[in-house]
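Student: Handing you this structure, nothing more for now.
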Amino acid sequence: MANDTAENGPRPPRGYAPLAGVPDEMVAADGTVRPSWTRLAGLLATEGPQEIESRRARAEQYLRDSGVFYRQYGAGSSDERPWPLSPVPVLVDAADWETLIPGLVQRADLLEALMADLYGENRLVAQGHLPPGLVAANPEWLRPMVGIRPASGHFLHFLAFEIGRGPDGTWWVLADRTQAPSGAGYALENRVATSRAFSELYAEMNVHRLAGFFRDFRDSLLAPGRDGDGRVLLLTPGPLNETYYEHAYIARYMGLTLVQGEDLTVADGKLHLRTVAGPAPVDALWRRLDSGYADPVELDPASQIGTPGLVSALRAGGLVMINALGSGVLETRALMAFLPRLAPVLLGADLRLPNIATWWLGGAAERAAVLADPAARMLSPALATGLPFDNPAGAHLAQGQDATAGLARRLEAEGHALVAQEVVRLSTTPTLIDGRLEPRPMTLRVFLARVDGRWQAMPGGFARIGASRDPAAIAMQRGGSTADVWVLGGRPGDNVTLMPAATGTYRRAAERTLPARAADNLFWLGRYVERTETAVRILRAAHVRLAESGAAARPLLQAVEPLHGFYGIETSRGIPPGLLDTLAAAVATAGRVRDLFSTDAWSALADIARTARQMATRVTPGDDAARALSALLRKLAGVSGLVHENMYRSQGWRFLTIGRQQERAMGMAAILAILADPRLPAGALDMAVELGDSVMTHRRRFAVATGPATVIDLLGLDGDNPRSIRHQVDGLAEQIARLPAAEDRGRPRAPLRAIMRIQVDLATQTPEGLTSGELWSLRSRIAGLSDRLTEAYFS
């Protein structure tokens, strides 16, 4: 920006009154709007607060519907928070982008060469280019990885760079992301949400598409094991990680298998995935957990999310790791002080794109530079990672609150463990604050992936936007937000997709083998959803009778209270805590298989849980509760329809269905065992038929009042009734028979053998013989299927 501008930046150009000050990104040095921003700036200038707020609402509605979240950590707890999106995109013209990317590619090559030296010959330390302490004392430098050459020939495959731009247009690198770079999946979601907000602009501004970047990287990953089964995996720390949503999204988007450390095992120097069909060899692992946690045997022994023996598998070769274990050392803040000097040594050329000015304070000259102008420097631990202004202590020193003499003594004593970085002013971009567009500081995160041995940049990325004018407020944990980045200059009508180019005769891809942990979670998801529905039906039946008969219904309701114990419910409240707990378990279990669960089904399930929590605060027993529970039942029917009518009949669907059928069979057995007891008050059999959602069917079938024989026949033995025990058992037998290795050399394994015996016994049973005692015994035998399935498939 020109030096003769006003202190707060150039005056807003005429016609752009909605902006409270003009962002640097929008304005050129002469105070005119940059050509790339003209169309968007003109649109924003003509719209009032309501129109702009409507655009934000469209973007946020998409993010809510898609369940996009990140996890925010507080004191001793963590919470899922909505993804914070600024709906106004950051625009970068093609010329700017084309000058930026070669510098990042060169930097990626430099980091690769540095990684090769640190875990290879270590010439840089030996020749005095790097202080030994920055490597040997660095917790991210993993000694067990020294000498292990990557199977792919490369240590680094996927990188991100945090870059900033000054008001004068100069770019610098603020931080390197080499450990397990996050944000690429969120960039995709930002793109969809922002294109909803500005659909007319997105269509006409020739924005570069992102899908081609992911397609090419996916194809590059899959190439070595293109004919394999589940060979390329995405390793996540699990649902409690702050970016777990992104892990699941990327896996689903790119067609990769999402796994956790417990899903993997090492045998004979080879990494395998535990699947329902047995161990399957793994060719490549894209890890999204920090290196130290990856192997509790050779790395961090306290890790509970790693895979014992993983380092030994890498040492044996044959496994591609993305990125190599130990790559977190490259993120060390002090290394940025040496990269400009290392570039000529390792690459034979100076850095094309500078990083933020950095001084490692182990030398007298560097300490003197800081003492000469301490207010212009930020101080932080030398081995810290991330953005320089992420460290609050650095901001404290930058304000000059330490006396010079005291600072000098500290630097003399601790300089080897400290790094200083220049205080920079970041360029600003427009963002929506309280219904008004205001300039806020921003950084860009740009992603590079290795495709066929060469670096390829994502044509966009995502911007981090400050919550205030303070750069330290950029972090989302401190209230910052994100924005989509539109790189202009794409080809008009360019419809890039993830679909590979058609070559030769089409071959249908084989179904990937399901990880055992995912199968276990899908099985329990089916059980929890069915358990919720049964609990809702029991509660609704009770509250209907309370509303219609009041105290007269008490004897019957007291007689059926044993049912409440199975579901953790009671009728003293409209929506009891036990029901909320079961719903919460269903949502949590679905969250563990987000990559296998459709967005619509996830949104519907989360909506039910949210609705139930809201109802619990205001619904009263009786008619009010009965109507509320009916509404929940309708929503649950929607989830069942989405899952069971739309889900591909994969192994995952089978385990989900088996869980649902087992839970329904157990529930109906308990209902009949209690309500078909002739000693119960009048109305018990009618209640059983109601709980079995078979009132109309009973009337059509029998045209008589309910009796023990008719009710037990319809709800217990009629295979055509989708609510009957017999129907569930027949379904269980069919699905279990189609599981992998259901038979061993022609003989049924334990799960199939157990359900076949139940099926035969039930098929030869009569209503009179299906007494309460027999029903309880039947329920116990059906419940035992869980143990048989666990032993055969989940363990």
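Within each chain, counting starts at residue 1; across the structure tokens, chains are named A, B, ... in the order shown, with ligands numbered 1 upward in that order.
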List the spatial neighbours of Gly120 in chain A as a PyMOL selection string - criterion: any atom at most 10 Å away, only C-alpha atoms, same-chain residues fewer than 6 positions off excluded.
Tutor: chain A and resi 114+145-149
Student: With C-alpha atoms kept, could you save the residues just selected as a tab-separated table (two decimals), in the first residue's frame?
Tutor:
```tsv
chain	number	residue	atom	x	y	z
A	114	LEU	CA	16.53	-31.27	4.62
A	145	MET	CA	13.69	-43.26	12.15
A	146	VAL	CA	17.34	-42.46	11.35
A	147	GLY	CA	18.56	-44.54	8.42
A	148	ILE	CA	15.10	-45.67	7.31
A	149	ARG	CA	14.66	-44.83	3.64
```
Student: What lies within 9 Å of Ala519 in chain A using only C-alpha atoms, ignoring chain neighbours under 2 positions off, as a ChimeraX atom specification?
Tutor: /A:275-276,514-517,521-524,651-652,654-656,793-794
Student: With all heavy atoms retained, export the selected residues as a compact mmCIF listing (two decimals), in the first residue's frame.
Tutor:
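Saved file result00.txt follows:
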```txt
# COMPACT_ATOMS: atom_id res chain seq x y z
N THR A 275 -9.67 -56.70 9.29
CA THR A 275 -10.97 -56.59 8.62
C THR A 275 -11.86 -57.75 9.06
O THR A 275 -11.40 -58.70 9.70
CB THR A 275 -10.82 -56.63 7.09
OG1 THR A 275 -10.62 -57.98 6.66
CG2 THR A 275 -9.67 -55.76 6.62
N VAL A 276 -13.11 -57.68 8.68
CA VAL A 276 -14.05 -58.75 9.02
C VAL A 276 -13.72 -60.02 8.26
O VAL A 276 -14.25 -61.09 8.59
CB VAL A 276 -15.50 -58.31 8.76
CG1 VAL A 276 -15.90 -57.18 9.69
CG2 VAL A 276 -15.69 -57.90 7.29
N LEU A 514 -14.30 -54.44 4.96
CA LEU A 514 -14.65 -53.53 6.04
C LEU A 514 -13.73 -53.73 7.24
O LEU A 514 -13.54 -54.86 7.70
CB LEU A 514 -16.10 -53.80 6.45
CG LEU A 514 -16.74 -52.85 7.46
CD1 LEU A 514 -16.94 -51.46 6.84
CD2 LEU A 514 -18.09 -53.41 7.92
N PRO A 515 -13.14 -52.65 7.78
CA PRO A 515 -12.37 -52.79 9.02
C PRO A 515 -13.23 -53.33 10.15
O PRO A 515 -14.43 -53.00 10.26
CB PRO A 515 -11.90 -51.35 9.31
CG PRO A 515 -11.93 -50.66 7.98
CD PRO A 515 -13.07 -51.28 7.24
N ALA A 516 -12.64 -54.15 11.00
CA ALA A 516 -13.40 -54.79 12.07
C ALA A 516 -14.02 -53.76 13.02
O ALA A 516 -15.16 -53.92 13.47
CB ALA A 516 -12.49 -55.74 12.85
N ARG A 517 -13.26 -52.69 13.33
CA ARG A 517 -13.79 -51.68 14.25
C ARG A 517 -15.00 -50.97 13.64
O ARG A 517 -15.98 -50.68 14.32
CB ARG A 517 -12.70 -50.65 14.59
CG ARG A 517 -13.16 -49.55 15.54
CD ARG A 517 -12.11 -48.44 15.63
NE ARG A 517 -11.73 -47.99 14.31
CZ ARG A 517 -12.44 -47.10 13.60
NH1 ARG A 517 -13.54 -46.58 14.08
NH2 ARG A 517 -12.03 -46.75 12.39
N ASN A 521 -18.85 -50.79 15.10
CA ASN A 521 -19.60 -49.55 15.31
C ASN A 521 -20.90 -49.53 14.52
O ASN A 521 -21.92 -49.04 15.01
CB ASN A 521 -18.73 -48.35 14.94
CG ASN A 521 -17.75 -47.98 16.04
OD1 ASN A 521 -18.14 -47.67 17.15
ND2 ASN A 521 -16.46 -48.03 15.73
N LEU A 522 -20.88 -50.03 13.31
CA LEU A 522 -22.12 -50.08 12.52
C LEU A 522 -23.13 -51.02 13.16
O LEU A 522 -24.34 -50.73 13.18
CB LEU A 522 -21.81 -50.51 11.09
CG LEU A 522 -21.13 -49.45 10.23
CD1 LEU A 522 -20.54 -50.07 8.96
CD2 LEU A 522 -22.11 -48.33 9.88
N PHE A 523 -22.66 -52.14 13.66
CA PHE A 523 -23.54 -53.08 14.36
C PHE A 523 -24.22 -52.38 15.55
O PHE A 523 -25.44 -52.47 15.73
CB PHE A 523 -22.72 -54.28 14.83
CG PHE A 523 -23.43 -55.20 15.78
CD1 PHE A 523 -24.38 -56.10 15.33
CD2 PHE A 523 -23.13 -55.19 17.14
CE1 PHE A 523 -25.03 -56.96 16.20
CE2 PHE A 523 -23.77 -56.04 18.02
CZ PHE A 523 -24.72 -56.93 17.56
N TRP A 524 -23.44 -51.68 16.36
CA TRP A 524 -24.01 -50.99 17.52
C TRP A 524 -24.84 -49.77 17.14
O TRP A 524 -25.79 -49.42 17.85
CB TRP A 524 -22.91 -50.63 18.51
CG TRP A 524 -22.56 -51.82 19.36
CD1 TRP A 524 -21.51 -52.66 19.23
CD2 TRP A 524 -23.36 -52.32 20.44
NE1 TRP A 524 -21.57 -53.66 20.17
CE2 TRP A 524 -22.70 -53.47 20.93
CE3 TRP A 524 -24.54 -51.91 21.05
CZ2 TRP A 524 -23.19 -54.22 22.00
CZ3 TRP A 524 -25.04 -52.65 22.11
CH2 TRP A 524 -24.37 -53.79 22.58
N GLN A 651 -20.95 -54.74 3.07
CA GLN A 651 -20.73 -55.40 4.36
C GLN A 651 -21.14 -54.47 5.50
O GLN A 651 -21.69 -54.93 6.51
CB GLN A 651 -19.26 -55.78 4.49
CG GLN A 651 -18.80 -56.83 3.51
CD GLN A 651 -17.30 -57.04 3.55
OE1 GLN A 651 -16.61 -56.47 4.38
NE2 GLN A 651 -16.78 -57.87 2.66
N GLY A 652 -20.88 -53.18 5.33
CA GLY A 652 -21.28 -52.23 6.38
C GLY A 652 -22.78 -52.24 6.60
O GLY A 652 -23.25 -52.23 7.75
N ARG A 654 -24.78 -54.69 6.05
CA ARG A 654 -25.18 -55.96 6.68
C ARG A 654 -25.00 -55.90 8.20
O ARG A 654 -25.87 -56.33 8.95
CB ARG A 654 -24.36 -57.11 6.11
CG ARG A 654 -24.62 -57.34 4.64
CD ARG A 654 -24.14 -58.67 4.14
NE ARG A 654 -24.11 -58.65 2.68
CZ ARG A 654 -25.21 -58.62 1.93
NH1 ARG A 654 -26.38 -58.64 2.49
NH2 ARG A 654 -25.11 -58.59 0.62
N PHE A 655 -23.86 -55.37 8.65
CA PHE A 655 -23.66 -55.30 10.10
C PHE A 655 -24.63 -54.31 10.74
O PHE A 655 -25.12 -54.55 11.85
CB PHE A 655 -22.21 -54.93 10.41
CG PHE A 655 -21.27 -56.08 10.27
CD1 PHE A 655 -20.46 -56.22 9.16
CD2 PHE A 655 -21.21 -57.07 11.25
CE1 PHE A 655 -19.60 -57.31 9.02
CE2 PHE A 655 -20.37 -58.17 11.13
CZ PHE A 655 -19.55 -58.28 10.01
N LEU A 656 -24.91 -53.21 10.06
CA LEU A 656 -25.91 -52.27 10.57
C LEU A 656 -27.27 -52.95 10.68
O LEU A 656 -27.98 -52.82 11.69
CB LEU A 656 -25.98 -51.08 9.63
CG LEU A 656 -26.88 -49.90 10.04
CD1 LEU A 656 -26.26 -49.14 11.20
CD2 LEU A 656 -27.08 -48.96 8.85
N TYR A 793 -15.78 -61.58 14.22
CA TYR A 793 -15.55 -60.47 13.30
C TYR A 793 -14.97 -59.21 13.94
O TYR A 793 -14.27 -58.44 13.26
CB TYR A 793 -16.86 -60.10 12.60
CG TYR A 793 -17.39 -61.20 11.73
CD1 TYR A 793 -18.48 -61.96 12.13
CD2 TYR A 793 -16.79 -61.50 10.51
CE1 TYR A 793 -18.97 -62.99 11.32
CE2 TYR A 793 -17.26 -62.51 9.70
CZ TYR A 793 -18.35 -63.26 10.11
OH TYR A 793 -18.82 -64.28 9.31
N PHE A 794 -15.28 -58.93 15.19
CA PHE A 794 -14.90 -57.64 15.76
C PHE A 794 -13.60 -57.68 16.54
O PHE A 794 -12.96 -56.65 16.73
CB PHE A 794 -16.01 -57.10 16.66
CG PHE A 794 -17.36 -57.03 16.01
CD1 PHE A 794 -18.53 -57.14 16.77
CD2 PHE A 794 -17.48 -56.86 14.65
CE1 PHE A 794 -19.78 -57.07 16.17
CE2 PHE A 794 -18.73 -56.79 14.04
CZ PHE A 794 -19.88 -56.90 14.81
```
Student: What lies within 7 Å of Leu691 in chain A using only C-alpha atoms, ignoring chain neighbours under 3 positions off, as a PyMOL selection string?
Tutor: chain A and resi 537-538+687-688
Student: Smallest atom-to-atom distance to Glu262 in chain A: which of A:Val105, A:Leu174, A:Leu310, A:Ala606, using only C-alpha atoms?
Tutor: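 Answer, going by the shortest atom-to-atom distance: A:Leu310.
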Student: I need the residues in range 445-611 of chain A that are alpha helix (DSSP H) according to DSSP; give them as a PyMOL selection string.
Tutor: chain A and resi 516-549+554-559+561-567+577-591+599-611
Student: With distances taken over only C-alpha atoms, which of A:Ala384, A:Leu546, A:Leu233, A:Met336 is nearest to Pro139 in chain A?
Tutor: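 Ranked by minimum distance to Pro139 in chain A, first place goes to A:Ala384.
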Student: Might you pull out every residue within 7 Å of range 21-27 of chain A, with only C-alpha atoms counted and same-chain residues fewer than 3 positions away left off, and present them as a list in words?
Tutor: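 Residues near the query, excluding close chain neighbours: Pro10, Arg11, Pro12, Gly31, Thr32, Val33, Arg34, Trp37, Pro167, Ser427, Thr428, Thr429, Pro430, Glu438 and Pro439 of chain A.
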Student: Create the file for the chosen residues now, containing all heavy atoms and written as a compact mmCIF listing (two decimals), in the first residue's frame.
Tutor:
```
# COMPACT_ATOMS: atom_id res chain seq x y z
N PRO A 10 -6.25 3.46 2.89
CA PRO A 10 -6.83 4.41 1.93
C PRO A 10 -8.31 4.62 2.19
O PRO A 10 -8.99 3.76 2.73
CB PRO A 10 -6.59 3.72 0.58
CG PRO A 10 -6.50 2.26 0.92
CD PRO A 10 -5.86 2.20 2.27
N ARG A 11 -8.77 5.78 1.80
CA ARG A 11 -10.20 6.04 1.95
C ARG A 11 -10.99 5.11 1.05
O ARG A 11 -10.54 4.76 -0.03
CB ARG A 11 -10.49 7.50 1.57
CG ARG A 11 -9.97 8.50 2.58
CD ARG A 11 -10.13 9.90 2.04
NE ARG A 11 -9.34 10.08 0.83
CZ ARG A 11 -9.51 11.09 -0.02
NH1 ARG A 11 -10.45 11.98 0.19
NH2 ARG A 11 -8.75 11.20 -1.08
N PRO A 12 -12.18 4.70 1.51
CA PRO A 12 -12.99 3.81 0.68
C PRO A 12 -13.29 4.45 -0.67
O PRO A 12 -13.63 5.64 -0.73
CB PRO A 12 -14.28 3.63 1.50
CG PRO A 12 -13.87 3.99 2.89
CD PRO A 12 -12.82 5.02 2.78
N GLY A 31 -4.85 2.99 -4.52
CA GLY A 31 -6.15 3.22 -3.89
C GLY A 31 -7.33 2.79 -4.72
O GLY A 31 -8.47 2.94 -4.29
N THR A 32 -7.08 2.22 -5.90
CA THR A 32 -8.18 1.75 -6.74
C THR A 32 -8.46 0.28 -6.44
O THR A 32 -7.58 -0.46 -5.98
CB THR A 32 -7.85 1.90 -8.23
OG1 THR A 32 -6.69 1.12 -8.52
CG2 THR A 32 -7.59 3.37 -8.57
N VAL A 33 -9.66 -0.15 -6.72
CA VAL A 33 -10.03 -1.55 -6.50
C VAL A 33 -9.30 -2.43 -7.52
O VAL A 33 -9.28 -2.14 -8.70
CB VAL A 33 -11.55 -1.73 -6.63
CG1 VAL A 33 -11.93 -3.20 -6.51
CG2 VAL A 33 -12.27 -0.92 -5.57
N ARG A 34 -8.69 -3.51 -7.01
CA ARG A 34 -8.00 -4.44 -7.90
C ARG A 34 -8.99 -5.02 -8.91
O ARG A 34 -10.14 -5.32 -8.55
CB ARG A 34 -7.36 -5.57 -7.10
CG ARG A 34 -6.30 -5.13 -6.10
CD ARG A 34 -5.76 -6.35 -5.35
NE ARG A 34 -4.97 -5.98 -4.20
CZ ARG A 34 -3.66 -5.78 -4.22
NH1 ARG A 34 -2.99 -5.92 -5.37
NH2 ARG A 34 -3.01 -5.44 -3.12
N TRP A 37 -11.16 -7.93 -7.90
CA TRP A 37 -12.18 -7.71 -6.89
C TRP A 37 -13.34 -6.85 -7.40
O TRP A 37 -14.33 -6.66 -6.67
CB TRP A 37 -11.57 -7.03 -5.66
CG TRP A 37 -10.82 -7.94 -4.76
CD1 TRP A 37 -9.51 -8.30 -4.86
CD2 TRP A 37 -11.32 -8.61 -3.61
NE1 TRP A 37 -9.16 -9.16 -3.85
CE2 TRP A 37 -10.26 -9.36 -3.06
CE3 TRP A 37 -12.56 -8.66 -2.96
CZ2 TRP A 37 -10.39 -10.15 -1.91
CZ3 TRP A 37 -12.70 -9.43 -1.83
CH2 TRP A 37 -11.63 -10.17 -1.31
N PRO A 167 0.67 -5.38 3.39
CA PRO A 167 -0.18 -4.42 2.67
C PRO A 167 0.41 -3.98 1.33
O PRO A 167 -0.32 -3.54 0.46
CB PRO A 167 -0.26 -3.24 3.65
CG PRO A 167 -0.01 -3.84 5.00
CD PRO A 167 0.99 -4.94 4.76
N SER A 427 -1.88 -8.33 5.54
CA SER A 427 -2.88 -7.75 4.66
C SER A 427 -4.28 -8.11 5.18
O SER A 427 -4.49 -9.14 5.83
CB SER A 427 -2.69 -8.31 3.25
OG SER A 427 -3.69 -7.83 2.38
N THR A 428 -5.24 -7.24 4.89
CA THR A 428 -6.61 -7.46 5.37
C THR A 428 -7.53 -7.81 4.22
O THR A 428 -7.30 -7.44 3.06
CB THR A 428 -7.15 -6.22 6.10
OG1 THR A 428 -7.08 -5.09 5.21
CG2 THR A 428 -6.34 -5.94 7.35
N THR A 429 -8.60 -8.51 4.55
CA THR A 429 -9.61 -8.93 3.58
C THR A 429 -10.98 -8.66 4.18
O THR A 429 -11.12 -8.61 5.41
CB THR A 429 -9.44 -10.43 3.24
OG1 THR A 429 -10.23 -10.76 2.10
CG2 THR A 429 -9.86 -11.31 4.41
N PRO A 430 -12.01 -8.43 3.36
CA PRO A 430 -13.33 -8.14 3.93
C PRO A 430 -13.97 -9.37 4.56
O PRO A 430 -13.90 -10.47 4.01
CB PRO A 430 -14.14 -7.66 2.72
CG PRO A 430 -13.46 -8.26 1.54
CD PRO A 430 -12.01 -8.33 1.88
N GLU A 438 -16.13 -5.64 7.31
CA GLU A 438 -15.00 -4.95 7.89
C GLU A 438 -13.70 -5.65 7.49
O GLU A 438 -13.69 -6.86 7.28
CB GLU A 438 -15.10 -4.91 9.42
CG GLU A 438 -16.29 -4.12 9.94
CD GLU A 438 -16.22 -3.91 11.44
OE1 GLU A 438 -15.14 -4.17 12.02
OE2 GLU A 438 -17.22 -3.48 12.02
N PRO A 439 -12.59 -4.90 7.39
CA PRO A 439 -11.31 -5.54 7.07
C PRO A 439 -10.73 -6.25 8.28
O PRO A 439 -10.79 -5.76 9.40
CB PRO A 439 -10.42 -4.34 6.66
CG PRO A 439 -11.04 -3.16 7.34
CD PRO A 439 -12.51 -3.44 7.46
```
Student: Which is closest to Gly185 in chain A among A:Ala417, A:Ala248, A:Ala628, A:Ala733, if we use only C-alpha atoms?
Tutor: A:Ala248
Student: As a PDB file with N, CA and C atoms, in the first residue's frame, please: the residues near Gly683 in chain A (cut-off 12 Å, only C-alpha atoms, same-chain neighbours under 3 positions excluded).
Tutor:
```
ATOM      1  N   ALA A 541     -46.792 -45.052  24.384  1.00  0.00           N
ATOM      2  CA  ALA A 541     -47.943 -45.857  24.816  1.00  0.00           C
ATOM      3  C   ALA A 541     -48.312 -45.538  26.255  1.00  0.00           C
ATOM      4  N   ALA A 542     -47.304 -45.339  27.097  1.00  0.00           N
ATOM      5  CA  ALA A 542     -47.577 -45.028  28.502  1.00  0.00           C
ATOM      6  C   ALA A 542     -48.230 -43.663  28.643  1.00  0.00           C
ATOM      7  N   ARG A 545     -51.878 -43.478  27.550  1.00  0.00           N
ATOM      8  CA  ARG A 545     -52.794 -44.034  28.556  1.00  0.00           C
ATOM      9  C   ARG A 545     -52.931 -43.107  29.758  1.00  0.00           C
ATOM     10  N   SER A 549     -56.633 -42.074  30.494  1.00  0.00           N
ATOM     11  CA  SER A 549     -57.248 -42.738  31.650  1.00  0.00           C
ATOM     12  C   SER A 549     -56.759 -42.238  32.992  1.00  0.00           C
ATOM     13  N   ALA A 552     -56.423 -44.421  36.409  1.00  0.00           N
ATOM     14  CA  ALA A 552     -56.906 -45.764  36.093  1.00  0.00           C
ATOM     15  C   ALA A 552     -55.880 -46.573  35.304  1.00  0.00           C
ATOM     16  N   ALA A 553     -54.945 -45.876  34.647  1.00  0.00           N
ATOM     17  CA  ALA A 553     -53.939 -46.582  33.858  1.00  0.00           C
ATOM     18  C   ALA A 553     -52.758 -47.043  34.697  1.00  0.00           C
ATOM     19  N   ARG A 554     -52.692 -46.607  35.961  1.00  0.00           N
ATOM     20  CA  ARG A 554     -51.519 -46.902  36.783  1.00  0.00           C
ATOM     21  C   ARG A 554     -51.246 -48.396  36.965  1.00  0.00           C
ATOM     22  N   PRO A 555     -52.262 -49.232  37.237  1.00  0.00           N
ATOM     23  CA  PRO A 555     -51.956 -50.664  37.427  1.00  0.00           C
ATOM     24  C   PRO A 555     -51.254 -51.290  36.222  1.00  0.00           C
ATOM     25  N   LEU A 556     -51.733 -50.966  35.006  1.00  0.00           N
ATOM     26  CA  LEU A 556     -51.101 -51.514  33.804  1.00  0.00           C
ATOM     27  C   LEU A 556     -49.681 -50.969  33.648  1.00  0.00           C
ATOM     28  N   LEU A 557     -49.516 -49.680  33.852  1.00  0.00           N
ATOM     29  CA  LEU A 557     -48.195 -49.077  33.676  1.00  0.00           C
ATOM     30  C   LEU A 557     -47.198 -49.611  34.699  1.00  0.00           C
ATOM     31  N   ALA A 559     -47.315 -52.588  35.917  1.00  0.00           N
ATOM     32  CA  ALA A 559     -47.033 -53.975  35.543  1.00  0.00           C
ATOM     33  C   ALA A 559     -45.984 -54.072  34.441  1.00  0.00           C
ATOM     34  N   VAL A 560     -45.907 -53.022  33.583  1.00  0.00           N
ATOM     35  CA  VAL A 560     -44.956 -53.087  32.470  1.00  0.00           C
ATOM     36  C   VAL A 560     -43.644 -52.349  32.792  1.00  0.00           C
ATOM     37  N   LEU A 675     -45.994 -58.603  28.486  1.00  0.00           N
ATOM     38  CA  LEU A 675     -47.371 -58.188  28.228  1.00  0.00           C
ATOM     39  C   LEU A 675     -48.303 -59.336  27.863  1.00  0.00           C
ATOM     40  N   ALA A 676     -47.778 -60.469  27.453  1.00  0.00           N
ATOM     41  CA  ALA A 676     -48.653 -61.610  27.144  1.00  0.00           C
ATOM     42  C   ALA A 676     -48.926 -62.474  28.370  1.00  0.00           C
ATOM     43  N   ASP A 677     -48.444 -62.033  29.493  1.00  0.00           N
ATOM     44  CA  ASP A 677     -48.705 -62.751  30.743  1.00  0.00           C
ATOM     45  C   ASP A 677     -50.181 -62.594  31.096  1.00  0.00           C
ATOM     46  N   PRO A 678     -50.934 -63.704  31.219  1.00  0.00           N
ATOM     47  CA  PRO A 678     -52.375 -63.600  31.490  1.00  0.00           C
ATOM     48  C   PRO A 678     -52.701 -62.961  32.844  1.00  0.00           C
ATOM     49  N   ARG A 679     -51.747 -62.839  33.725  1.00  0.00           N
ATOM     50  CA  ARG A 679     -52.002 -62.240  35.039  1.00  0.00           C
ATOM     51  C   ARG A 679     -52.032 -60.718  34.982  1.00  0.00           C
ATOM     52  N   LEU A 680     -51.650 -60.124  33.876  1.00  0.00           N
ATOM     53  CA  LEU A 680     -51.598 -58.663  33.788  1.00  0.00           C
ATOM     54  C   LEU A 680     -52.990 -58.062  33.644  1.00  0.00           C
ATOM     55  N   ASP A 686     -53.374 -55.393  24.119  1.00  0.00           N
ATOM     56  CA  ASP A 686     -53.544 -54.281  23.167  1.00  0.00           C
ATOM     57  C   ASP A 686     -52.282 -53.408  23.134  1.00  0.00           C
ATOM     58  N   MET A 687     -51.697 -53.213  24.306  1.00  0.00           N
ATOM     59  CA  MET A 687     -50.466 -52.417  24.373  1.00  0.00           C
ATOM     60  C   MET A 687     -49.335 -53.112  23.625  1.00  0.00           C
ATOM     61  N   ALA A 688     -49.256 -54.445  23.732  1.00  0.00           N
ATOM     62  CA  ALA A 688     -48.218 -55.196  23.023  1.00  0.00           C
ATOM     63  C   ALA A 688     -48.361 -55.018  21.512  1.00  0.00           C
ATOM     64  N   VAL A 689     -49.607 -55.111  21.013  1.00  0.00           N
ATOM     65  CA  VAL A 689     -49.842 -54.943  19.573  1.00  0.00           C
ATOM     66  C   VAL A 689     -49.479 -53.526  19.144  1.00  0.00           C
ATOM     67  N   GLU A 690     -49.795 -52.540  19.986  1.00  0.00           N
ATOM     68  CA  GLU A 690     -49.448 -51.159  19.674  1.00  0.00           C
ATOM     69  C   GLU A 690     -47.927 -50.974  19.621  1.00  0.00           C
ATOM     70  N   ALA A 705     -61.032 -59.584  19.109  1.00  0.00           N
ATOM     71  CA  ALA A 705     -60.250 -58.905  20.135  1.00  0.00           C
ATOM     72  C   ALA A 705     -58.935 -59.650  20.350  1.00  0.00           C
ATOM     73  N   THR A 706     -57.966 -58.924  20.869  1.00  0.00           N
ATOM     74  CA  THR A 706     -56.664 -59.544  21.102  1.00  0.00           C
ATOM     75  C   THR A 706     -56.763 -60.656  22.135  1.00  0.00           C
ATOM     76  N   GLY A 707     -56.019 -61.717  21.903  1.00  0.00           N
ATOM     77  CA  GLY A 707     -55.881 -62.816  22.847  1.00  0.00           C
ATOM     78  C   GLY A 707     -54.444 -63.272  22.856  1.00  0.00           C
ATOM     79  N   PRO A 708     -54.024 -63.997  23.858  1.00  0.00           N
ATOM     80  CA  PRO A 708     -52.624 -64.420  23.928  1.00  0.00           C
ATOM     81  C   PRO A 708     -52.155 -65.129  22.664  1.00  0.00           C
TER      82      PRO A 708
END
```
Student: Please compute the CA of Val419 in chain A-CA of Ser481 in chain A distance, one decimal, in Å.
Tutor: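 CA of Ser481 in chain A lies at a distance of 27.6 Å from CA of Val419 in chain A.
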